[in-house]
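What follows is data.cif (mmCIF, C-alpha atoms).
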```
data_final
#
loop_
_atom_site.label_atom_id
_atom_site.label_comp_id
_atom_site.auth_asym_id
_atom_site.auth_seq_id
_atom_site.Cartn_x
_atom_site.Cartn_y
_atom_site.Cartn_z
CA MET A 118 0.00 0.00 0.00
CA THR A 119 2.85 2.38 0.71
CA ALA A 120 4.24 1.82 -2.80
CA ILE A 121 1.00 2.90 -4.40
CA ALA A 122 0.62 6.16 -2.47
CA PRO A 123 3.40 8.12 -4.26
CA ALA A 124 1.95 7.25 -7.65
CA GLN A 125 -1.46 8.54 -6.59
CA VAL A 126 0.01 11.84 -5.45
CA THR A 127 2.40 12.49 -8.32
CA ALA A 128 -0.07 11.72 -11.15
CA PRO A 129 -2.46 14.63 -10.42
CA ALA A 130 0.50 16.89 -9.80
CA SER A 131 1.99 16.17 -13.20
CA ALA A 132 -1.35 16.70 -14.89
CA THR A 133 -1.74 20.01 -13.10
CA ALA A 134 1.75 21.07 -14.07
CA THR A 135 1.21 20.42 -17.75
CA GLU A 136 -2.21 22.12 -17.95
CA PRO A 137 -0.98 25.75 -18.03
CA VAL A 138 1.54 24.85 -20.74
CA SER A 139 -1.19 23.52 -23.05
CA SER A 140 -3.53 26.42 -22.38
CA GLY A 141 -0.98 29.08 -23.31
CA PRO A 142 -1.04 28.60 -27.11
CA LYS A 143 -4.81 28.28 -27.05
CA GLY A 144 -5.07 31.60 -25.26
CA ARG A 145 -2.82 33.30 -27.81
CA ARG A 146 -4.75 31.80 -30.70
CA GLY A 147 -7.98 33.02 -29.14
CA LEU A 148 -6.58 36.54 -28.82
CA VAL A 149 -5.41 36.56 -32.45
CA LEU A 150 -8.81 35.29 -33.59
CA THR A 151 -10.56 38.00 -31.58
CA LEU A 152 -8.41 40.71 -33.14
CA VAL A 153 -9.02 39.36 -36.64
CA LEU A 154 -12.78 39.25 -36.07
CA ALA A 155 -12.70 42.78 -34.65
CA VAL A 156 -10.94 44.09 -37.77
CA ILE A 157 -13.45 42.29 -40.01
CA ALA A 158 -16.33 43.74 -37.97
CA LEU A 159 -14.91 47.26 -38.38
CA PHE A 160 -14.69 46.84 -42.16
CA TRP A 161 -18.20 45.37 -42.19
CA ILE A 162 -19.79 48.26 -40.29
CA SER A 163 -17.73 51.02 -41.94
CA PRO A 164 -20.26 51.68 -44.76
CA LEU A 165 -23.03 52.23 -42.21
CA ALA A 166 -20.80 54.49 -40.12
CA LEU A 167 -19.86 56.50 -43.23
CA LEU A 168 -23.55 56.78 -44.16
CA VAL A 169 -24.44 58.16 -40.71
CA ILE A 170 -21.57 60.65 -40.73
CA THR A 171 -22.49 61.86 -44.22
CA ALA A 172 -26.15 62.27 -43.26
CA VAL A 173 -25.43 64.60 -40.34
CA ARG A 174 -22.89 66.92 -41.99
CA PRO A 175 -23.56 69.98 -44.17
CA LEU A 176 -23.09 69.61 -47.90
CA ALA A 177 -20.43 72.32 -47.98
CA ASP A 178 -18.42 70.49 -45.34
CA PHE A 179 -18.77 67.23 -47.30
CA ILE A 180 -17.50 68.83 -50.52
CA GLY A 181 -14.76 70.89 -48.88
CA ASN A 182 -13.23 68.25 -46.58
CA GLY A 183 -14.05 65.04 -48.46
CA PRO A 184 -16.30 62.09 -47.59
CA LEU A 185 -13.76 60.32 -45.34
CA SER A 186 -13.03 63.31 -43.08
CA TRP A 187 -14.61 63.99 -39.71
CA PRO A 188 -17.24 66.77 -40.04
CA ASP A 189 -16.49 70.20 -38.59
CA GLN A 190 -20.14 70.64 -37.62
CA LEU A 191 -23.31 68.56 -37.42
CA THR A 192 -26.77 69.34 -38.72
CA TRP A 193 -30.20 67.71 -38.80
CA GLU A 194 -31.48 69.74 -41.73
CA ASN A 195 -30.56 66.96 -44.14
CA PHE A 196 -33.22 64.71 -42.65
CA LYS A 197 -35.88 67.41 -42.88
CA ASP A 198 -35.07 68.08 -46.54
CA ALA A 199 -34.82 64.37 -47.37
CA TRP A 200 -38.22 63.65 -45.86
CA GLY A 201 -39.85 66.03 -48.32
CA ILE A 202 -37.75 65.12 -51.34
CA GLY A 203 -38.29 61.40 -50.90
CA ASN A 204 -42.02 61.81 -50.19
CA PHE A 205 -41.58 59.51 -47.19
CA ALA A 206 -44.97 60.36 -45.71
CA THR A 207 -46.56 58.49 -48.63
CA THR A 208 -43.93 55.84 -49.32
CA TYR A 209 -43.75 54.79 -45.66
CA LYS A 210 -47.50 54.28 -45.62
CA ASN A 211 -47.50 52.26 -48.83
CA SER A 212 -44.61 50.05 -47.74
CA ALA A 213 -46.21 49.47 -44.34
CA ILE A 214 -49.58 48.50 -45.86
CA LEU A 215 -47.88 46.14 -48.29
CA ALA A 216 -45.82 44.48 -45.55
CA LEU A 217 -48.76 44.13 -43.16
CA ILE A 218 -50.79 42.31 -45.82
CA LYS A 219 -48.16 40.28 -47.63
CA VAL A 220 -45.99 39.04 -44.75
CA PRO A 221 -48.72 37.35 -42.61
CA LEU A 222 -50.34 35.89 -45.73
CA GLY A 223 -47.04 34.54 -47.03
CA VAL A 224 -46.05 33.05 -43.68
CA LEU A 225 -49.44 31.35 -43.27
CA VAL A 226 -49.42 29.82 -46.76
CA SER A 227 -45.80 28.73 -46.35
CA ALA A 228 -46.50 27.20 -42.95
CA MET A 229 -49.44 25.19 -44.27
CA LEU A 230 -47.47 23.96 -47.26
CA GLY A 231 -44.40 23.20 -45.14
CA PHE A 232 -46.50 21.23 -42.66
CA ALA A 233 -48.09 19.20 -45.46
CA LEU A 234 -44.71 18.39 -47.00
CA ALA A 235 -43.11 17.51 -43.68
CA LYS A 236 -45.81 15.61 -41.77
CA LEU A 237 -48.69 14.55 -44.02
CA ARG A 238 -48.83 11.50 -46.25
CA MET A 239 -49.80 12.86 -49.64
CA LYS A 240 -49.43 11.81 -53.25
CA PHE A 241 -46.72 13.39 -55.35
CA ARG A 242 -45.17 14.95 -52.24
CA ARG A 243 -41.66 14.89 -53.68
CA THR A 244 -42.88 16.36 -56.96
CA VAL A 245 -44.61 19.22 -55.15
CA MET A 246 -41.53 19.82 -52.99
CA PHE A 247 -39.25 19.86 -56.04
CA THR A 248 -41.57 22.27 -57.84
CA VAL A 249 -41.71 24.67 -54.89
CA PHE A 250 -37.97 24.65 -54.31
CA LEU A 251 -37.39 25.13 -58.02
CA GLY A 252 -38.64 28.68 -57.46
CA LEU A 253 -35.44 29.40 -55.54
CA THR A 254 -33.39 28.92 -58.71
CA ILE A 255 -35.36 31.29 -60.96
CA PRO A 256 -33.77 34.76 -61.21
CA ILE A 257 -36.23 37.57 -60.69
CA TYR A 258 -34.84 39.49 -63.68
CA ILE A 259 -36.02 37.00 -66.32
CA THR A 260 -39.60 37.22 -65.02
CA ILE A 261 -40.00 41.00 -65.33
CA VAL A 262 -41.60 41.02 -68.78
CA PRO A 263 -44.00 38.08 -68.21
CA VAL A 264 -45.06 39.44 -64.81
CA PHE A 265 -45.64 42.91 -66.22
CA ILE A 266 -47.74 41.54 -69.09
CA MET A 267 -49.86 39.44 -66.68
CA MET A 268 -50.34 42.31 -64.25
CA ARG A 269 -51.27 44.71 -67.05
CA SER A 270 -53.77 42.21 -68.47
CA ALA A 271 -55.31 41.83 -65.01
CA GLY A 272 -55.43 45.60 -64.47
CA ALA A 273 -53.19 45.30 -61.40
CA THR A 274 -50.47 47.76 -62.38
CA ASP A 275 -49.90 51.01 -60.47
CA SER A 276 -51.35 49.46 -57.30
CA ILE A 277 -49.56 48.28 -54.19
CA PHE A 278 -52.01 45.38 -53.99
CA GLY A 279 -50.84 44.24 -57.42
CA LEU A 280 -47.40 43.62 -55.93
CA ILE A 281 -48.71 41.01 -53.49
CA GLY A 282 -48.91 38.22 -56.08
CA PRO A 283 -45.32 38.50 -57.41
CA TYR A 284 -43.98 39.00 -53.89
CA LEU A 285 -45.72 35.83 -52.69
CA ALA A 286 -44.47 33.84 -55.67
CA PHE A 287 -40.84 34.69 -54.96
CA GLY A 288 -41.06 34.64 -51.15
CA ILE A 289 -42.89 31.38 -50.48
CA PRO A 290 -40.16 28.94 -51.70
CA PHE A 291 -37.57 30.12 -49.17
CA GLU A 292 -40.11 30.25 -46.35
CA VAL A 293 -41.29 26.72 -47.12
CA LEU A 294 -37.68 25.54 -47.14
CA VAL A 295 -37.08 26.90 -43.64
CA LEU A 296 -40.44 25.88 -42.15
CA GLN A 297 -40.63 22.35 -43.49
CA SER A 298 -37.11 21.74 -42.18
CA PHE A 299 -38.26 22.91 -38.77
CA PHE A 300 -41.49 20.88 -38.87
CA ARG A 301 -39.52 17.69 -39.60
CA GLN A 302 -37.86 18.00 -36.20
CA LEU A 303 -41.17 18.05 -34.31
CA PRO A 304 -41.96 14.63 -32.76
CA ASP A 305 -44.53 12.59 -34.65
CA GLU A 306 -45.84 11.27 -31.34
CA ILE A 307 -47.60 14.51 -30.42
CA ILE A 308 -49.40 14.54 -33.77
CA GLU A 309 -50.42 10.89 -33.43
CA ALA A 310 -51.64 11.53 -29.89
CA ALA A 311 -53.80 14.42 -31.11
CA ARG A 312 -55.26 12.25 -33.86
CA VAL A 313 -56.10 9.53 -31.38
CA ASP A 314 -58.09 12.16 -29.47
CA GLY A 315 -60.02 12.91 -32.66
CA ALA A 316 -58.19 16.00 -33.91
CA GLY A 317 -58.01 16.48 -37.67
CA ASP A 318 -55.15 17.90 -39.68
CA TRP A 319 -56.43 21.48 -39.49
CA ARG A 320 -56.85 21.34 -35.72
CA VAL A 321 -53.41 19.77 -35.29
CA PHE A 322 -51.88 22.50 -37.42
CA PHE A 323 -53.52 25.49 -35.73
CA THR A 324 -53.58 24.28 -32.11
CA MET A 325 -50.31 22.33 -31.88
CA ILE A 326 -47.92 22.94 -34.77
CA LEU A 327 -48.16 26.73 -34.92
CA PRO A 328 -47.64 27.30 -31.16
CA LEU A 329 -44.63 24.97 -31.18
CA SER A 330 -43.15 26.72 -34.22
CA VAL A 331 -43.10 30.33 -33.01
CA PRO A 332 -39.28 30.76 -33.34
CA ALA A 333 -39.28 29.58 -36.96
CA LEU A 334 -42.41 31.57 -37.81
CA VAL A 335 -40.97 34.77 -36.35
CA THR A 336 -37.73 34.20 -38.25
CA VAL A 337 -39.35 33.83 -41.67
CA ALA A 338 -41.71 36.72 -40.90
CA ILE A 339 -38.77 39.04 -40.13
CA LEU A 340 -36.80 37.99 -43.20
CA ASP A 341 -39.89 38.28 -45.39
CA ALA A 342 -40.68 41.73 -44.00
CA VAL A 343 -37.13 42.90 -44.75
CA ALA A 344 -37.29 41.53 -48.29
CA THR A 345 -40.70 43.16 -48.87
CA TRP A 346 -39.56 46.48 -47.43
CA ASN A 347 -36.44 46.58 -49.61
CA GLU A 348 -37.86 45.17 -52.86
CA PHE A 349 -37.18 47.55 -55.72
CA LEU A 350 -37.44 45.93 -59.14
CA PHE A 351 -41.10 44.87 -59.25
CA ALA A 352 -42.15 48.08 -57.51
CA LEU A 353 -40.27 50.13 -60.11
CA ILE A 354 -41.83 48.26 -63.03
CA LEU A 355 -45.42 48.01 -61.77
CA LEU A 356 -45.87 51.36 -59.98
CA ASN A 357 -46.14 54.63 -61.85
CA SER A 358 -47.80 57.36 -59.78
CA ASP A 359 -46.16 58.99 -56.79
CA ALA A 360 -49.18 58.17 -54.62
CA HIS A 361 -48.49 54.43 -54.91
CA LYS A 362 -44.69 54.28 -54.76
CA THR A 363 -42.87 52.36 -52.05
CA ILE A 364 -39.77 53.50 -50.17
CA PRO A 365 -37.10 52.05 -52.52
CA VAL A 366 -38.78 53.65 -55.54
CA GLY A 367 -39.20 56.92 -53.67
CA LEU A 368 -35.42 57.16 -53.27
CA LEU A 369 -35.21 57.73 -57.02
CA ASN A 370 -36.54 61.24 -56.35
CA PHE A 371 -33.02 62.19 -55.26
CA GLN A 372 -31.78 61.81 -58.82
CA GLY A 373 -31.75 64.58 -61.36
CA GLN A 374 -31.40 68.03 -59.85
CA PHE A 375 -30.52 66.51 -56.46
CA ALA A 376 -27.87 64.18 -57.87
CA ASN A 377 -25.02 66.09 -56.21
CA ASN A 378 -26.75 66.41 -52.86
CA ASN A 379 -24.85 63.50 -51.32
CA THR A 380 -25.68 64.44 -47.75
CA GLY A 381 -29.41 64.60 -48.51
CA LEU A 382 -29.28 61.23 -50.26
CA ALA A 383 -27.46 59.70 -47.30
CA ALA A 384 -30.13 61.06 -44.96
CA GLY A 385 -32.86 59.61 -47.19
CA ILE A 386 -31.23 56.19 -47.24
CA LEU A 387 -30.88 56.29 -43.46
CA ILE A 388 -34.55 57.18 -43.06
CA ALA A 389 -35.44 54.24 -45.30
CA VAL A 390 -33.36 51.64 -43.45
CA VAL A 391 -34.03 52.72 -39.86
CA PRO A 392 -36.99 50.31 -39.38
CA ILE A 393 -34.89 47.42 -40.72
CA LEU A 394 -31.98 48.24 -38.42
CA ILE A 395 -34.28 48.43 -35.41
CA ALA A 396 -35.93 45.12 -36.31
CA TYR A 397 -32.60 43.34 -36.69
CA THR A 398 -31.27 44.80 -33.44
CA LEU A 399 -34.30 43.86 -31.36
CA LEU A 400 -35.08 40.50 -32.99
CA GLN A 401 -31.61 39.15 -33.77
CA ARG A 402 -32.04 36.33 -31.24
CA TRP A 403 -35.19 35.15 -32.99
CA ILE A 404 -33.55 35.20 -36.41
CA VAL A 405 -30.52 33.14 -35.38
CA GLY A 406 -32.55 30.76 -33.22
CA GLY A 407 -35.17 30.14 -35.89
CA LEU A 408 -32.66 29.46 -38.66
CA THR A 409 -30.63 27.02 -36.56
CA ALA A 410 -33.57 25.23 -34.92
CA GLY A 411 -34.38 23.21 -38.01
CA SER A 412 -30.84 21.83 -38.20
CA LEU A 413 -30.95 20.25 -34.74
CA LYS A 414 -32.34 16.85 -33.91
CA GLY A 415 -35.44 17.06 -31.72
#
```
Whole structure, structure tokens version:
Amino acid sequence: MTAIAPAQVTAPASATATEPVSSGPKGRRGLVLTLVLAVIALFWISPLALLVITAVRPLADFIGNGPLSWPDQLTWENFKDAWGIGNFATTYKNSAILALIKVPLGVLVSAMLGFALAKLRMKFRRTVMFTVFLGLTIPIYITIVPVFIMMRSAGATDSIFGLIGPYLAFGIPFEVLVLQSFFRQLPDEIIEAARVDGAGDWRVFFTMILPLSVPALVTVAILDAVATWNEFLFALILLNSDAHKTIPVGLLNFQGQFANNNTGLAAGILIAVVPILIAYTLLQRWIVGGLTAGSLKG
């Protein structure tokens, strides 16, 4: 017994002695990685910082000192002028109405289709899934002429409600991809238990699946709202009158005689993106959690 005692004492001591040696390089590598990520983050946020600085400086200061210099004075007049030039009182209202109608409708349709593809036994399920996901591969640019001809034939041009159809067509495939991946991770046992109690597919979907899928639903709703808020091409092609223009199209008002007013344009862009920045800041946890939830085994 006395011969065993030294071995029991020296073994932990040697392990303890070698631990700081192995942790040293790891600590240095972690510091280097942190510095590299910090530099990348600075480059990533520099356009936004430059946009903010340009928006709060006078035009004369911008021209005299250059865009990369620190302003000698600050002003809020750029935002006041940009609000009128960009007609934001109207474009904000139109974009908000469009988002409030299109986003909930798109999320609901995508959730129903994603649930059917993930949990229901249906004929031609793979064919339907392939057809829906095929929409992710179609560039929006090659559909401009056909969509315009269809909307003009239906009398849906120059109306924000006419944008709902094209927006749904290009938004649903991605939402279905995210939601059906999330629905696959939900246990089949809870659905079978509900069916044993007499619940049909509609009741299972609205009373069980939707409450359990709040993180994924919030994620696709946020991403869809951002895409709808920033969409430019269809709005430019289908909308003509100033009374129906959305925010991205309204920014075109800064062209022409205001082309050299860089500070006013920067203020207008900042006014346009403020709701998106606030949404991402407040709901970042939901976005990350919803996108990663579908990749984990339940």
*Residues matched by the PyMOL selection byres ((chain A and resi 213-225) around 8), written as a ChimeraX atom specification*: /A:209-212,226-229,277-278,281,284-285,288-289,292,334,337-338,341-342,345-346
*Using atom CA of Pro188 of chain A and atom CA of Arg174 of chain A as the two end points, give the distance in Å to one decimal.*
6.0 Å
*asked:* Could you tell me how far atom CA of Tyr397 of chain A sits from atom CA of Leu340 of chain A, in Å to one decimal place?
replied: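 Separation of atom CA of Leu340 of chain A and atom CA of Tyr397 of chain A: 9.4 Å.
Coordinates place atom CA of Leu253 of chain A at a distance of 22.0 Å from atom CA of Ile266 of chain A.
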*Using all atoms listed in the file, pick whichever of A:Thr363, A:Asn347, A:Thr260, A:Ser276 has the shortest atom-to-atom distance to Thr207 of chain A.*
A:Thr363
*Considering only C-alpha atoms, state which residue in the set A:Arg402, A:Arg146, A:Arg301, A:Arg320 is at the smallest distance from Ile339 of chain A.*
A:Arg402
*Expansion of the PyMOL selection byres ((chain A and resi 348-361) around 9) into residues, as a ChimeraX atom specification*: /A:204,207-208,211,257-258,261,264-265,268-269,273-277,279-280,283-284,343-347,362-367
*asked:* When you count all atoms listed in the file, which of these residues is closest to Ile307 of chain A: A:Leu387, A:Val245, A:Lys236, A:Ala286?
replied: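 Among the listed residues, the smallest separation from Ile307 of chain A belongs to A:Lys236.
Nearest residue to Val321 of chain A, choosing from A:Ile308, A:Leu294, A:Val153, A:Ala172 and counting only C-alpha atoms: A:Ile308.
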*Looking at only C-alpha atoms, which of A:Ser298, A:Gly144, A:Asp318, A:Phe371 is the one that sits closest to Arg238 of chain A?*
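Once distances to Arg238 of chain A are computed over only C-alpha atoms, the minimum belongs to A:Asp318.
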Would you compute, for all listed atoms of segment 150-158 of chain A, the axis-aligned bounding box grown by 5 Å on each side, and then report its centre and edge lengths in Å rounded to one decimal, as lines of an AutoDock Vina configuration file?
```
center_x = -12.4
center_y = 39.7
center_z = -35.8
size_x = 17.9
size_y = 18.8
size_z = 18.4
```
*Could you expand the PyMOL selection byres ((chain A and resi 201) around 12) into the explicit residues it covers here, written as a list in words?*
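Output of the PyMOL selection byres ((chain A and resi 201) around 12): Glu194, Asn195, Phe196, Lys197, Asp198, Ala199, Trp200, Ile202, Gly203, Asn204, Phe205, Ala206, Thr207, Thr208, Gly367, Leu368, Asn370, Phe371, Gly381, Leu382, Ala384, Gly385 and Ile388 of chain A.
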